[in-house]
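Raw protein-v7.txt, compact mmCIF, C-alpha atoms:
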# COMPACT_ATOMS: atom_id res chain seq x y z
CA MET S 215 116.57 63.77 116.43
CA SER S 216 116.42 60.06 116.61
CA SER S 217 118.59 57.98 118.77
CA GLU S 218 119.26 54.37 117.97
CA ALA S 219 118.65 51.94 120.76
CA PRO S 220 121.65 49.85 121.58
CA ALA S 221 121.52 46.39 120.12
CA PRO S 222 120.69 43.71 122.66
CA GLU S 223 123.60 41.64 123.71
CA ALA S 224 123.75 38.17 122.28
CA PRO S 225 123.28 35.50 124.91
CA GLU S 226 126.45 33.74 125.80
CA ALA S 227 126.75 30.31 124.32
CA THR S 228 127.22 27.61 126.86
CA SER S 229 129.29 24.72 125.59
CA PRO S 230 128.17 21.28 126.58
CA SER S 231 130.19 19.35 129.09
CA THR S 232 133.06 17.57 127.40
CA SER S 233 133.82 15.00 130.09
CA VAL S 234 131.20 13.13 132.04
CA SER S 235 131.87 11.06 135.12
CA PRO S 236 130.73 7.43 134.71
CA THR S 237 127.55 6.49 136.49
CA THR S 238 127.18 3.59 138.87
CA ARG S 239 125.41 1.56 136.21
CA GLN S 240 128.24 2.13 133.72
CA VAL S 241 130.86 1.13 136.30
CA TRP S 242 128.93 -2.06 137.07
CA THR S 243 128.53 -2.88 133.36
CA ARG S 244 132.26 -2.50 132.75
CA SER S 245 133.46 -4.41 135.81
CA ARG S 246 130.93 -7.22 136.17
CA GLY S 247 132.88 -9.51 133.83
CA VAL S 248 136.06 -9.18 135.90
CA LEU S 249 134.13 -9.66 139.15
CA LEU S 250 132.43 -12.77 137.78
CA ALA S 251 135.79 -14.24 136.76
CA LEU S 252 137.22 -13.55 140.23
CA VAL S 253 134.23 -15.21 141.91
CA ILE S 254 134.61 -18.29 139.68
CA LEU S 255 138.35 -18.54 140.45
CA LEU S 256 137.71 -18.18 144.18
CA ALA S 257 134.99 -20.83 144.13
CA ALA S 258 137.22 -23.22 142.16
CA ALA S 259 140.11 -22.69 144.60
CA VAL S 260 137.85 -23.40 147.59
CA ALA S 261 136.41 -26.51 145.94
CA ILE S 262 139.87 -27.88 145.10
CA ALA S 263 141.09 -27.19 148.63
CA VAL S 264 138.07 -28.96 150.14
CA VAL S 265 138.42 -31.99 147.85
CA ARG S 266 142.16 -32.36 148.41
CA SER S 267 142.06 -31.70 152.14
CA GLY S 268 140.57 -35.11 152.86
CA ALA S 269 142.63 -37.07 150.35
CA GLN S 270 146.15 -35.70 150.75
CA HIS S 271 148.43 -36.33 153.71
CA GLY S 272 152.00 -35.51 154.51
CA SER S 273 154.77 -37.39 152.78
CA LEU S 274 156.62 -40.00 154.88
CA ASP S 275 153.65 -40.12 157.25
CA PRO S 276 153.31 -43.72 158.58
CA ARG S 277 149.55 -43.16 158.94
CA SER S 278 149.08 -42.20 155.29
CA ALA S 279 148.14 -44.59 152.47
CA ASP S 280 148.96 -42.00 149.78
CA PRO S 281 151.73 -42.81 147.28
CA ALA S 282 154.16 -40.58 149.20
CA GLY S 283 153.06 -41.93 152.59
CA SER S 284 154.72 -44.74 154.57
CA ARG S 285 151.84 -46.81 155.94
CA ALA S 286 152.87 -49.93 154.02
CA VAL S 287 156.28 -50.24 155.67
CA THR S 288 154.80 -49.83 159.14
CA GLU S 289 152.22 -52.56 158.38
CA LEU S 290 155.02 -54.92 157.34
CA LEU S 291 156.98 -54.05 160.47
CA ALA S 292 153.89 -54.73 162.61
CA ASP S 293 153.64 -58.23 161.09
CA ARG S 294 157.20 -58.80 162.34
CA GLY S 295 156.42 -57.61 165.86
CA VAL S 296 157.84 -54.10 165.57
CA SER S 297 155.59 -51.43 167.07
CA THR S 298 155.49 -47.96 165.52
CA ARG S 299 154.81 -44.77 167.44
CA VAL S 300 154.42 -41.40 165.76
CA VAL S 301 155.70 -38.31 167.61
CA THR S 302 155.67 -34.68 166.49
CA THR S 303 157.82 -32.92 169.09
CA SER S 304 161.49 -33.16 169.87
CA ALA S 305 160.70 -33.68 173.57
CA GLU S 306 158.71 -36.84 172.79
CA ALA S 307 161.45 -38.07 170.47
CA SER S 308 164.12 -37.49 173.13
CA THR S 309 162.07 -39.29 175.78
CA ALA S 310 161.48 -42.31 173.55
CA ALA S 311 165.15 -42.89 172.72
CA GLY S 312 166.55 -46.10 174.18
CA PRO S 313 168.57 -49.26 173.43
CA ASP S 314 165.47 -51.14 172.17
CA THR S 315 164.23 -48.28 170.00
CA THR S 316 164.86 -47.11 166.45
CA LEU S 317 164.36 -43.36 166.11
CA LEU S 318 163.52 -42.25 162.55
CA ILE S 319 163.70 -38.49 161.86
CA ALA S 320 161.67 -37.93 158.70
CA ARG S 321 162.69 -34.34 157.91
CA PRO S 322 165.89 -33.42 159.74
CA ASP S 323 166.33 -30.13 157.89
CA LEU S 324 163.16 -28.74 159.49
CA LEU S 325 164.71 -28.92 162.94
CA THR S 326 166.28 -25.85 164.50
CA ASP S 327 169.90 -25.87 165.62
CA ARG S 328 168.83 -26.17 169.25
CA GLN S 329 166.58 -29.15 168.48
CA GLN S 330 169.35 -30.89 166.54
CA VAL S 331 171.88 -30.46 169.36
CA ALA S 332 169.38 -31.68 171.97
CA LEU S 333 168.41 -34.77 169.96
CA HIS S 334 172.00 -35.73 169.21
CA SER S 335 173.01 -35.43 172.86
CA VAL S 336 170.18 -37.86 173.75
CA PHE S 337 170.51 -40.61 171.15
CA LYS S 338 174.32 -40.68 170.78
CA GLY S 339 174.65 -42.71 173.99
CA SER S 340 171.24 -44.36 174.09
CA GLY S 341 172.39 -47.63 172.49
CA GLY S 342 169.56 -47.49 169.92
CA ARG S 343 169.53 -46.78 166.20
CA THR S 344 168.85 -43.38 164.64
CA VAL S 345 167.77 -43.16 160.98
CA LEU S 346 168.11 -39.76 159.29
CA VAL S 347 166.09 -39.46 156.07
CA ALA S 348 167.80 -37.29 153.44
CA PRO S 349 169.49 -34.80 155.80
CA GLY S 350 171.09 -31.87 154.03
CA THR S 351 173.84 -29.46 154.93
CA PRO S 352 171.81 -27.62 157.59
CA SER S 353 171.41 -30.72 159.78
CA VAL S 354 173.65 -33.65 158.85
CA ASN S 355 176.82 -32.36 160.47
CA THR S 356 175.04 -31.76 163.80
CA LEU S 357 173.00 -34.96 163.93
CA ALA S 358 175.84 -37.07 162.48
CA PRO S 359 179.17 -35.41 163.33
CA GLY S 360 181.89 -36.08 160.78
CA VAL S 361 179.43 -36.48 157.88
CA GLU S 362 179.21 -33.93 155.09
CA ALA S 363 176.48 -33.69 152.42
CA ASP S 364 177.65 -33.29 148.85
CA PRO S 365 175.90 -30.39 147.05
CA ALA S 366 175.53 -32.41 143.82
CA PRO S 367 172.83 -35.11 144.18
CA SER S 368 172.98 -38.51 142.55
CA TYR S 369 171.55 -38.76 139.03
CA ASP S 370 170.83 -42.50 139.39
CA SER S 371 167.98 -43.52 141.66
CA THR S 372 168.61 -47.30 141.59
CA LEU S 373 172.03 -48.26 142.90
CA ALA S 374 173.91 -51.41 143.90
CA PRO S 375 175.06 -51.84 147.54
CA ASP S 376 178.80 -52.34 146.88
CA CYS S 377 179.56 -52.61 150.62
CA THR S 378 179.87 -55.20 153.39
CA LEU S 379 176.83 -54.11 155.41
CA PRO S 380 174.71 -57.28 155.79
CA ALA S 381 171.38 -55.45 155.43
CA ALA S 382 172.48 -53.86 152.16
CA ARG S 383 173.95 -57.08 150.74
CA ARG S 384 170.74 -59.02 151.47
CA ALA S 385 168.54 -56.28 149.96
CA GLY S 386 170.57 -55.86 146.78
CA THR S 387 169.84 -52.94 144.49
CA ALA S 388 167.57 -50.27 145.97
CA ASP S 389 166.28 -46.79 145.21
CA THR S 390 168.64 -44.88 147.47
CA GLY S 391 169.85 -42.39 144.87
CA GLY S 392 169.55 -38.84 146.16
CA LEU S 393 171.87 -36.92 148.42
CA ARG S 394 175.43 -38.17 148.62
CA TYR S 395 177.65 -38.05 151.67
CA SER S 396 181.26 -38.26 152.77
CA THR S 397 182.61 -39.13 156.21
CA ASP S 398 185.91 -39.36 158.00
CA ALA S 399 184.73 -42.08 160.41
CA PRO S 400 187.08 -45.07 159.92
CA ASP S 401 184.52 -47.75 160.88
CA ALA S 402 181.59 -46.38 158.89
CA ASP S 403 179.78 -48.54 156.31
CA SER S 404 179.52 -46.70 152.99
CA CYS S 405 176.89 -48.25 150.71
CA TYR S 406 175.11 -47.60 147.43
CA PRO S 407 177.79 -45.32 145.95
CA SER S 408 177.11 -42.93 143.08
CA ASP S 409 180.11 -41.41 141.31
CA GLY S 410 182.33 -42.43 144.20
CA LEU S 411 180.21 -41.08 147.07
CA PRO S 412 177.79 -43.24 149.10
CA THR S 413 174.08 -42.52 149.43
CA LEU S 414 173.74 -44.63 152.59
CA LEU S 415 176.01 -44.49 155.61
CA ARG S 416 175.99 -46.41 158.88
CA ILE S 417 178.13 -44.85 161.58
CA PRO S 418 178.57 -46.89 164.81
CA ALA S 419 178.26 -44.95 168.04
CA SER S 420 181.43 -44.25 169.97
CA GLU S 421 179.73 -45.61 173.12
CA GLY S 422 177.45 -48.64 173.37
CA ASP S 423 175.88 -50.67 170.58
CA GLY S 424 173.94 -47.88 168.93
CA ASP S 425 174.48 -46.51 165.45
CA THR S 426 173.29 -43.78 163.08
CA VAL S 427 172.03 -44.50 159.56
CA VAL S 428 172.09 -41.65 157.03
CA LEU S 429 169.75 -42.34 154.11
CA GLY S 430 170.13 -40.18 150.99
CA ALA S 431 166.55 -40.53 149.69
CA PRO S 432 163.13 -41.38 151.18
CA ASP S 433 162.07 -43.60 148.24
CA ILE S 434 162.51 -46.95 150.01
CA LEU S 435 160.01 -45.84 152.68
CA GLN S 436 157.24 -44.59 150.38
CA ASN S 437 154.19 -46.69 149.55
CA ASP S 438 154.51 -46.47 145.76
CA ARG S 439 158.20 -47.49 145.73
CA LEU S 440 158.25 -50.12 148.46
CA ASP S 441 157.64 -53.08 146.10
CA GLU S 442 160.40 -52.09 143.66
CA GLN S 443 163.97 -53.41 143.66
CA GLY S 444 165.10 -54.36 147.15
CA ASN S 445 163.42 -51.36 148.80
CA ALA S 446 161.16 -53.34 151.12
CA SER S 447 163.98 -55.59 152.31
CA LEU S 448 166.30 -52.68 152.99
CA ALA S 449 163.61 -50.65 154.78
CA LEU S 450 162.55 -53.57 157.01
CA GLN S 451 166.13 -54.36 157.98
CA LEU S 452 167.05 -50.74 158.74
CA LEU S 453 163.90 -50.05 160.76
CA GLY S 454 163.29 -53.48 162.26
CA SER S 455 166.53 -54.07 164.14
CA ARG S 456 164.81 -53.03 167.43
CA PRO S 457 161.37 -53.99 168.72
CA HIS S 458 160.16 -50.37 168.87
CA LEU S 459 160.16 -47.74 166.13
CA VAL S 460 159.62 -44.06 166.97
CA TRP S 461 158.70 -42.11 163.83
CA TYR S 462 159.46 -38.43 164.38
CA LEU S 463 157.62 -36.00 162.08
CA PRO S 464 158.84 -32.46 162.91
CA SER S 465 155.92 -30.07 163.33
CA LEU S 466 155.55 -26.30 163.46
CA SER S 467 153.36 -26.74 166.52
CA ASP S 468 156.41 -27.89 168.50
CA GLU S 469 157.17 -25.20 171.08
CA SER S 470 160.89 -25.93 170.93
CA ALA S 471 160.88 -25.01 167.22
CA THR S 472 160.15 -21.37 168.08
CA ASP S 473 162.59 -21.19 170.98
CA GLY S 474 165.61 -20.36 168.90
CA GLY S 475 166.93 -17.36 170.80
CA ASP S 476 166.98 -13.80 169.54
CA GLN S 477 166.84 -14.06 165.77
CA SER S 478 166.11 -11.32 163.31
CA PHE S 479 163.95 -11.68 160.24
CA LEU S 480 167.01 -12.04 158.00
CA ASP S 481 168.24 -14.94 160.15
CA LEU S 482 165.05 -16.84 159.36
CA VAL S 483 165.23 -16.24 155.60
CA PRO S 484 167.17 -18.94 153.69
CA SER S 485 170.39 -17.75 152.12
CA GLY S 486 169.13 -18.60 148.64
CA TRP S 487 166.30 -16.10 148.97
CA LEU S 488 168.72 -13.36 150.02
CA TRP S 489 170.97 -13.97 147.02
CA GLY S 490 167.95 -14.12 144.72
CA THR S 491 166.64 -10.81 146.06
CA LEU S 492 170.06 -9.21 145.59
CA GLN S 493 170.21 -10.42 141.99
CA LEU S 494 166.72 -9.09 141.28
CA PHE S 495 167.71 -5.72 142.75
CA VAL S 496 170.82 -5.52 140.56
CA ALA S 497 168.76 -6.51 137.52
CA ALA S 498 166.18 -3.82 138.31
CA VAL S 499 168.90 -1.17 138.65
CA LEU S 500 170.46 -2.18 135.33
CA ALA S 501 167.06 -2.15 133.62
CA ALA S 502 166.32 1.30 135.06
CA LEU S 503 169.66 2.64 133.79
CA TRP S 504 169.01 1.09 130.39
CA ARG S 505 165.50 2.48 130.02
CA ALA S 506 165.97 5.79 131.82
CA ARG S 507 165.88 9.01 129.79
CA ARG S 508 169.06 11.01 129.51
CA LEU S 509 169.12 14.20 131.55
CA GLY S 510 169.01 17.34 129.44
CA PRO S 511 167.02 20.48 128.64
CA LEU S 512 163.28 20.20 128.19
CA VAL S 513 162.23 19.99 124.55
CA PRO S 514 158.70 21.13 123.67
CA GLU S 515 156.77 18.66 121.57
CA ARG S 516 153.61 19.11 119.63
CA LEU S 517 150.68 17.10 120.93
CA PRO S 518 149.59 14.33 118.58
CA VAL S 519 145.97 15.46 118.91
CA ALA S 520 144.28 18.82 119.39
CA ILE S 521 142.68 19.27 122.80
CA ARG S 522 139.72 21.60 123.06
CA ALA S 523 140.20 24.52 125.39
CA SER S 524 136.91 23.76 127.13
CA GLU S 525 138.18 20.27 128.05
CA THR S 526 141.37 21.71 129.53
CA VAL S 527 139.43 24.29 131.54
CA GLU S 528 136.95 21.72 132.79
CA GLY S 529 139.67 19.26 133.71
CA ARG S 530 141.57 21.86 135.72
CA ALA S 531 138.33 22.95 137.39
CA ARG S 532 137.62 19.36 138.44
CA LEU S 533 141.09 19.12 139.96
CA TYR S 534 140.59 22.36 141.88
CA ARG S 535 137.21 21.18 143.13
CA LYS S 536 138.55 17.77 144.16
CA SER S 537 141.29 19.38 146.27
CA ASN S 538 139.05 22.23 147.55
CA ALA S 539 141.54 24.72 146.09
CA ARG S 540 139.14 27.67 145.97
CA ASP S 541 141.99 30.08 146.65
CA ARG S 542 143.90 28.92 143.56
CA ALA S 543 140.78 28.97 141.40
CA ALA S 544 139.86 32.49 142.56
CA GLY S 545 143.44 33.65 142.02
CA ALA S 546 143.44 32.26 138.48
CA LEU S 547 140.11 33.99 137.68
CA ARG S 548 141.23 37.34 139.08
CA SER S 549 144.65 37.21 137.43
CA THR S 550 143.18 36.44 134.02
CA THR S 551 140.56 39.18 134.39
CA ARG S 552 143.19 41.77 135.37
CA THR S 553 145.34 40.77 132.39
CA ARG S 554 142.41 41.30 129.98
CA LEU S 555 141.23 44.54 131.60
CA ALA S 556 144.60 46.31 131.67
CA PRO S 557 144.85 47.05 127.89
CA LEU S 558 141.25 48.20 127.83
CA VAL S 559 141.87 50.99 130.37
CA GLY S 560 145.32 51.98 129.07
CA VAL S 561 147.47 50.15 131.62
CA SER S 562 150.61 48.33 130.58
CA PRO S 563 150.38 44.52 130.87
CA THR S 564 153.41 44.56 133.16
CA GLN S 565 151.44 46.69 135.68
CA ALA S 566 148.14 44.82 135.32
CA HIS S 567 148.55 43.23 138.76
CA ALA S 568 149.52 46.44 140.59
CA PRO S 569 146.40 47.71 142.42
CA GLU S 570 147.77 51.29 142.72
CA VAL S 571 147.89 51.52 138.90
CA LEU S 572 144.99 49.37 137.70
CA LEU S 573 142.29 50.46 140.16
CA PRO S 574 142.49 54.26 139.44
CA ALA S 575 142.27 53.59 135.70
CA LEU S 576 139.22 51.35 136.15
CA SER S 577 137.53 53.88 138.46
CA ALA S 578 138.04 56.64 135.89
CA ARG S 579 136.65 54.46 133.14
CA LEU S 580 133.59 53.26 135.02
CA HIS S 581 133.07 56.35 137.22
CA ARG S 582 132.99 54.03 140.23
CA GLU S 583 134.75 54.07 143.55
CA GLY S 584 137.86 51.91 143.84
CA GLN S 585 136.97 50.15 147.08
CA PRO S 586 134.46 47.65 145.58
CA LEU S 587 136.79 47.09 142.64
CA GLN S 588 139.69 46.35 144.95
CA ALA S 589 137.66 43.76 146.87
CA LEU S 590 136.59 42.21 143.57
CA LEU S 591 139.98 42.07 141.86
CA PHE S 592 142.37 41.80 144.82
CA GLY S 593 140.18 40.56 147.65
CA PRO S 594 140.46 37.47 149.85
CA PRO S 595 139.60 33.98 148.52
CA PRO S 596 135.94 32.89 148.73
CA HIS S 597 134.91 30.75 151.67
CA ASP S 598 132.71 28.26 149.78
CA ASP S 599 131.78 27.13 146.27
CA ALA S 600 128.77 29.42 146.07
CA ALA S 601 130.96 32.45 146.77
CA LEU S 602 133.44 31.25 144.10
CA ILE S 603 130.65 31.05 141.51
CA ALA S 604 129.41 34.52 142.50
CA LEU S 605 132.96 35.87 142.13
CA ALA S 606 133.22 34.41 138.62
CA ASP S 607 129.90 36.03 137.66
CA GLN S 608 130.96 39.42 139.06
CA LEU S 609 134.27 39.32 137.20
CA ASP S 610 132.43 38.42 134.01
CA ALA S 611 130.03 41.32 134.48
CA LEU S 612 132.91 43.72 135.20
CA GLU S 613 134.70 42.76 131.99
CA ARG S 614 131.53 43.19 129.93
CA GLU S 615 130.96 46.60 131.47
CA VAL S 616 134.48 47.75 130.64
CA ARG S 617 134.19 46.49 127.06
CA ARG S 618 130.84 48.24 126.54
CA PRO S 619 131.30 51.41 124.45
Structure encoded using structure tokens:
Amino acid sequence: MSSEAPAPEAPEATSPSTSVSPTTRQVWTRSRGVLLALVILLAAAVAIAVVRSGAQHGSLDPRSADPAGSRAVTELLADRGVSTRVVTTSAEASTAAGPDTTLLIARPDLLTDRQQVALHSVFKGSGGRTVLVAPGTPSVNTLAPGVEADPAPSYDSTLAPDCTLPAARRAGTADTGGLRYSTDAPDADSCYPSDGLPTLLRIPASEGDGDTVVLGAPDILQNDRLDEQGNASLALQLLGSRPHLVWYLPSLSDESATDGGDQSFLDLVPSGWLWGTLQLFVAAVLAALWRARRLGPLVPERLPVAIRASETVEGRARLYRKSNARDRAAGALRSTTRTRLAPLVGVSPTQAHAPEVLLPALSARLHREGQPLQALLFGPPPHDDAALIALADQLDALEREVRRP
């Protein structure tokens, strides 16, 4: 009587890895072009900043010889005996105000409300002259009460005086076109009109011999425009009526600029930015409503490409490993094993996960006690990766044993 030896089991085929993490060399090869471009851009930005830092100065700076500077007018004033002093704080400007001084405020709109009120209270009765260069709505009404800035600027830069102010009549046409103003002061001189509104105003002070000059554009003070039209003549007459000229350049380093009381962040943001942000928000909401998918039941769709099962398994395994989800991985392995073992031992698939039904059937099939099987199929999650791998091997061996005839 001959007995046939059981055929040896075929070794399990191990499929090659379908997704490989990039190595450090591959990452460097792919990203070195982008990094090189960023380094070149950074070096170019630093070089441009270094080159321009020594050649560019602030506009309307009487110490600057740049086209937008005002050194030329101060040199001409010095030839006529007018001294120029540059100040950068409102305290220095207030101290320098006097009957023999012309105070020029280069950028009135940069001043805070408190600085504007303090300056006006000082120079309104000083008997000197105050020149405001292109003040807008935020500052003109405080520094020159009764004057309003028109929101529409002048389209013509070169204008005729068309007034009785001696300085304007002697200078003739000048590049004063810019902001336009209106005033209710009865004795004000309105010069260089554009479309019916003046671009230069001279308002006499209510007390003393002082006055305030509101200039709609800074062109007549800049180096590159001083020799055009009657700019030089007008600038010298407006700034040279007193022996001393105080040139006030508002600065962020001024301590009074930060002493504005309790202000929130929204108080410091210009109104235009708030309206622009609101419009962008509305546009984003409309775009989201336009592009959003309609709500409805889920519709299954066929994938455009076939994905290998090994890639799906490996991808999910990588996710489990990245999140240290050994409990979920062990649960998935045990659940799948129980589902495959149940039909082999005559258990309904609906009761495959009931230990009181599945374990007795497995014990009868394998002639093995149920306690080890219960720990294998329904036990606690493994405590480390090595235990998870051992669990997978044991489940594999159990399934092969059950399938063996």
- [ ] Tell me, as a ChimeraX atom specification, which residues lie within 10 Å of S:Val331, counting all atoms listed in the file; anything in the same chain fewer than 6 positions away does not count.
- [x] /S:325,353,356-357
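Compared by their closest atoms to S:Leu414, and using only C-alpha atoms, the residues S:Val571, S:Ala311, S:Leu450, S:Cys377 rank with S:Cys377 nearest.
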Task: Atom pair atom CA of S:Val460 / atom CA of S:Ala307: separation (Å) - done: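 Rounded to one decimal, the two atoms are 7.2 Å apart.
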Open item on the list: Can you measure atom CA of S:Glu362 to atom CA of S:Ala419 for me? One decimal in Å is fine.
Closed with: 17.0 Å
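If you measure from each of S:Leu602, S:Ala502, S:Val616, S:Ala388 to S:His581 using only C-alpha atoms, the closest one turns out to be S:Val616.
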Task: Length of the atom CA of S:Thr288 to atom CA of S:Cys405 vector [Å] - done: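 Interatomic distance here is 23.7 Å.
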Open item on the list: Using all atoms listed in the file and a cutoff of 8 Å, can you tell me which residues are near (171.9, -43.1, 151.1) in the file's coordinates, and write them out as a PyMOL selection string?
Closed with: chain S and resi 348+390-395+405-406+412-415+428-431
Output file for the selection above: C-alpha atoms, as a tab-separated table (two decimals), in the coordinates of the input:
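Output contents, as saved in part_4.tsv:
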chain	number	residue	atom	x	y	z
S	348	ALA	CA	167.80	-37.29	153.44
S	390	THR	CA	168.64	-44.88	147.47
S	391	GLY	CA	169.85	-42.39	144.87
S	392	GLY	CA	169.55	-38.84	146.16
S	393	LEU	CA	171.87	-36.92	148.42
S	394	ARG	CA	175.43	-38.17	148.62
S	395	TYR	CA	177.65	-38.05	151.67
S	405	CYS	CA	176.89	-48.25	150.71
S	406	TYR	CA	175.11	-47.60	147.43
S	412	PRO	CA	177.79	-43.24	149.10
S	413	THR	CA	174.08	-42.52	149.43
S	414	LEU	CA	173.74	-44.63	152.59
S	415	LEU	CA	176.01	-44.49	155.61
S	428	VAL	CA	172.09	-41.65	157.03
S	429	LEU	CA	169.75	-42.34	154.11
S	430	GLY	CA	170.13	-40.18	150.99
S	431	ALA	CA	166.55	-40.53	149.69
- [ ] Would you mind telling me which residue in S:Val345, S:Ala366, S:Val300, S:Leu466 lies nearest to S:Thr326 when using all atoms listed in the file?
- [x]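 Closest to S:Thr326 of all the choices is S:Leu466.
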TODO: Determine, counting only C-alpha atoms, which protein, DNA and RNA residues have an atom within 8 Å of an atom of S:Leu333; residues of the same chain fewer than 2 positions away are not included. Present the result as an NGL selection string.
DONE: :S and (304 or 307-308 or 329-331 or 335-337 or 357)
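Considering the residues S:Thr551, S:Thr526, S:Thr564, S:Ser577 and counting all atoms listed in the file, S:Leu605 has its shortest atom-to-atom contact with S:Thr551.
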Task: Nearest to S:Pro432 by atom-to-atom distance, counting all atoms listed in the file, from S:Thr351, S:Ser420, S:Ser273, S:Thr378 - done: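 Closest to S:Pro432, using all atoms listed in the file: S:Ser273.
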Task: Nearest candidate to S:Asp364 (options S:Ala282, S:Ala556, S:Leu411, S:Leu494; using only C-alpha atoms) - done: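 Once distances to S:Asp364 are computed over only C-alpha atoms, the minimum belongs to S:Leu411.
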Task: Shell around S:Arg343 at 10 Å using all atoms listed in the file, local window under 6 positions removed, as a ChimeraX atom specification - done: /S:311-318,337,416-419,423-427,452-456,459
